[in-house]
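Some notes on the structure that comes next.
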Amino acid sequence: MTQDELFKILVAHCKEYGFIFPSSEIYDGLAAVYDYGQMGVELKNNIKRYWWEAMTRLNENVVGIDSCVFMHPKTWVASGHVAAFNDPLIDNKDSKKRYRADVLIEDYLSKIEEKIQKEVDKGRKRFGDAFDEAKFKETNPNVLREKAHYDEVHARYKAAEDANDLEAYRQIILDCGIVCPISGTKNWTEVRQFNLMFSTQGSTTNADDKLYLRPETAQGIFVEYLNVQKTGRMKIPFGIAQIGKAFRNEIVARQFIFRMKEFEQMEMEFFVRPGTEMEWFRAWKENRMKWHVNLGMGAENYRFHDHEKLAHYANAATDIEFHFPFGFKELEGIHSRTDFDLGNHQKLSGKKIQYYDPETGESYVPYCVETSIGVDRMFLAVLSHSYKQEQLENGETRVVLSIPAPLAPVKVAILPLVKKDGLPEKAQEVVDLLKYDFAYQYDEKDSIGKRYRRQDAVGTPFCVTVDHDTLADGTVTLRDRDTMEQTRVKIEDLPAIIGAKVNMSNLLRGL
Ligand code: ATP
């Protein structure tokens with residue numbers, strides 16, 4: 001199965017099992033907007049809890065807030081979003097479809113990489129054990145030709161990006177013969193800048209009363225910095241964390257929940273003494289990578305991508321990339337933002353935003369290190385890594401989501417073997433024992449095998465089967481999702497056995 005096919009299956013699986021639905025589907029959906037279903041909301045809440053508790057409980061100098069989507073319009077002037085939060089866009093005149101010029105070029109470059117990989121795979125097949133990949137890449141004429149073309153386009157693309165040269169983007173698209181995937185033509189418009197913020201009108205008709213839906217949650221933290229520092233008597237270094245919705249008028253409506261118009265962010269701004277920011281930048285890089293790897297989805301699936309080109313406000317930046325089905329892509333951003341945000345808010349608001357440092361006797365605008373991760377991208381990382389089609393020894397296949405147990409939407413399913421002989425009543429007693437601690441499902445429909453498969457498909461770590469022996473000796477069958485092993489355990493031992501694997505506190509202890 002190709003990664004592309006796997007991705008399509010994953011999207012269908014998400015819908016079939018109540019994880020994610022296209023928004024307003026009865027009206028044929030709304031591009032790049034998705035709703036979370038009954039399973040999805042549980043997984044999403046667990047991801048948020050893992051982040052929130054790791055941030056605000058395990059770091060005694062990080063506190064949380066919950067600020068509003070709407071903010072004073074000047075916020076977005078100070079943050080630079082009004083002037084510079086743009087994407088270069090291009091329209092195809094035949095299909096009337098709009099694209100990001102940079103993404104069209106990046107996709108073209110990815111295709112060249114795929115061609116090179118195909119040549120390498122062919123070589124490996126031909127030469128078998130004797131295959132030397134490095135040598136092959138240095139000598140094979142097809143690979144060399146593709147590589148030279150890649151380097152040339154890549155260099156032009158980087159130059160266009162650095163100079164923000166819209167005409168240069170267009171020329172690359174024309175020279176490479178990039179066509180619209182819908183119309184198949186090269187009938188392109190000019191490239192224009194497109195601001196990604198959604199705006200709406202306040203309660204007056206005054207033009208200054210234009211409100212924006214926040215494109216990031218971070219500005220709510222900066223604007224509340226003084227309140228939190230003073231009322232919380234916070235001493236630098238300290239952090240403010242927030243989880244909330246953000247909105248961007250994304251032009252590229254692809255890749256499912258990877259890039260949406262309405263999404264959620266988990267952001268933390270850590271305020272430090274100027275001059276110490278690099279030390280904290282490194283510390284937070286390490287802290288955040290540990291948080292990811294601690295989930296057990298394979299350290300090899302994450303990597304740092306340090307930015308060479310820095311945003312005007314940053315003096316260091318890196319992404320944590322995850323190995324999604326469509327390649328390594330940004331999951332989280334970590335930026336050293338200097339005093340750009342607080343400094344600009346101080347200027348525009350006219351309010352003094354300074355910290356008196358009792359240790360140095362100086363007052364200054366704090367520097368800031370930011371960690372910013374999308375809840376939805378994290379959701380996609382977990383789901384795409386967890387989805388497996390397994391071939392069983394008896395020749396059957398099973399679909400299982402091996403979601404890290406503390407994040408699983410349902411922790412335990414309670415299943416009476418048959419719907420009679422007092423087994424449902426006994427199973428209800430098990431439900432009453434477990435329901436205060438664990439998200440559970442009770443299911444008595446269909447054969448036990450079918451019920452196990454249903455729970456595998458939503459990633460439930462444990463199934464508890466109540467049978468006739470249960471009535472006699474108070475034991476049940478406990479089935480493990482990953483090994484499919486079944487063991488006989490006493491009902492009263494269930495909370496401890498299940499809790500050891502699924503409790504969030506145990507996951508947090510690993511940090
Ligand atoms: P990209 O380059 O992929 O557009 P970005 O660099 O603009 O992302 P940031 O502004 O750094 O993203 O936002 C921080 C995080 O928010 C990202 O790492 C990502 O996880 C998430 N995020 C950003 N835009 C979206 C979106 N449109 N849909 C879902 N998640 C998003």
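Chain identifiers are assigned as A, B, and so on, following the order in which chains appear in the structure tokens; residues are numbered from 1 within each chain, and ligands are numbered from 1 in order of appearance.
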Given a cut-off of 8 Å, what residues near ligand 1 show up using only C-alpha atoms and all ligand atoms, put as a VMD selection string? chain A and resid 216 247 to 250 257 to 267 319 to 320 329 to 334 372 to 378
Applying 9 Å and only C-alpha atoms, which residues near A:Lys186 remain after dropping the ones on its own chain fewer than 5 positions away? List them as an mmCIF file with C-alpha atoms, in the first residue's frame.
```cif
data_model
loop_
_atom_site.group_PDB
_atom_site.id
_atom_site.type_symbol
_atom_site.label_atom_id
_atom_site.label_comp_id
_atom_site.auth_asym_id
_atom_site.auth_seq_id
_atom_site.Cartn_x
_atom_site.Cartn_y
_atom_site.Cartn_z
ATOM 1 C CA ASN A 92 -5.631 29.033 -12.529
ATOM 2 C CA LYS A 93 -7.809 30.900 -15.040
ATOM 3 C CA ASP A 94 -9.425 27.741 -16.417
ATOM 4 C CA ILE A 173 5.966 27.816 -12.056
ATOM 5 C CA LEU A 174 5.997 28.648 -15.782
ATOM 6 C CA GLY A 177 5.650 23.630 -16.626
ATOM 7 C CA ILE A 178 3.628 23.189 -13.433
ATOM 8 C CA VAL A 179 -0.020 22.580 -14.333
ATOM 9 C CA CYS A 180 -3.229 22.996 -12.336
#
```
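In this comparison, which uses only C-alpha atoms, the residue of A:Tyr150, A:Tyr169, A:Phe19, A:Tyr355 approaching A:Lys230 most closely is A:Tyr355.
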Would you mind telling me which residue in A:Ala32, A:Leu211, A:Ala84, A:Ile240 lies nearest to A:Phe70 when using only C-alpha atoms?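 The shortest atom-to-atom distance to A:Phe70 comes from A:Leu211.
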With a distance cut-off of 12 Å and only C-alpha atoms, select the neighbouring residues of A:Lys15, excluding the residue or stretch itself and same-chain residues fewer than 4 positions from it, and output the selection as a PyMOL selection string. chain A and resi 8-11+19-23+25+34-40+256+457-458
Just the strand (DSSP E) stuff from stretch 37-235 of chain A, please, per backbone DSSP, written as a ChimeraX atom specification. /A:62-64,86-91,98-100,192-195,199-201,210-212
Nearest candidate to A:Val418 (options A:Ile403, A:Ala31, A:Met268, A:Ile448; using only C-alpha atoms): A:Ile448
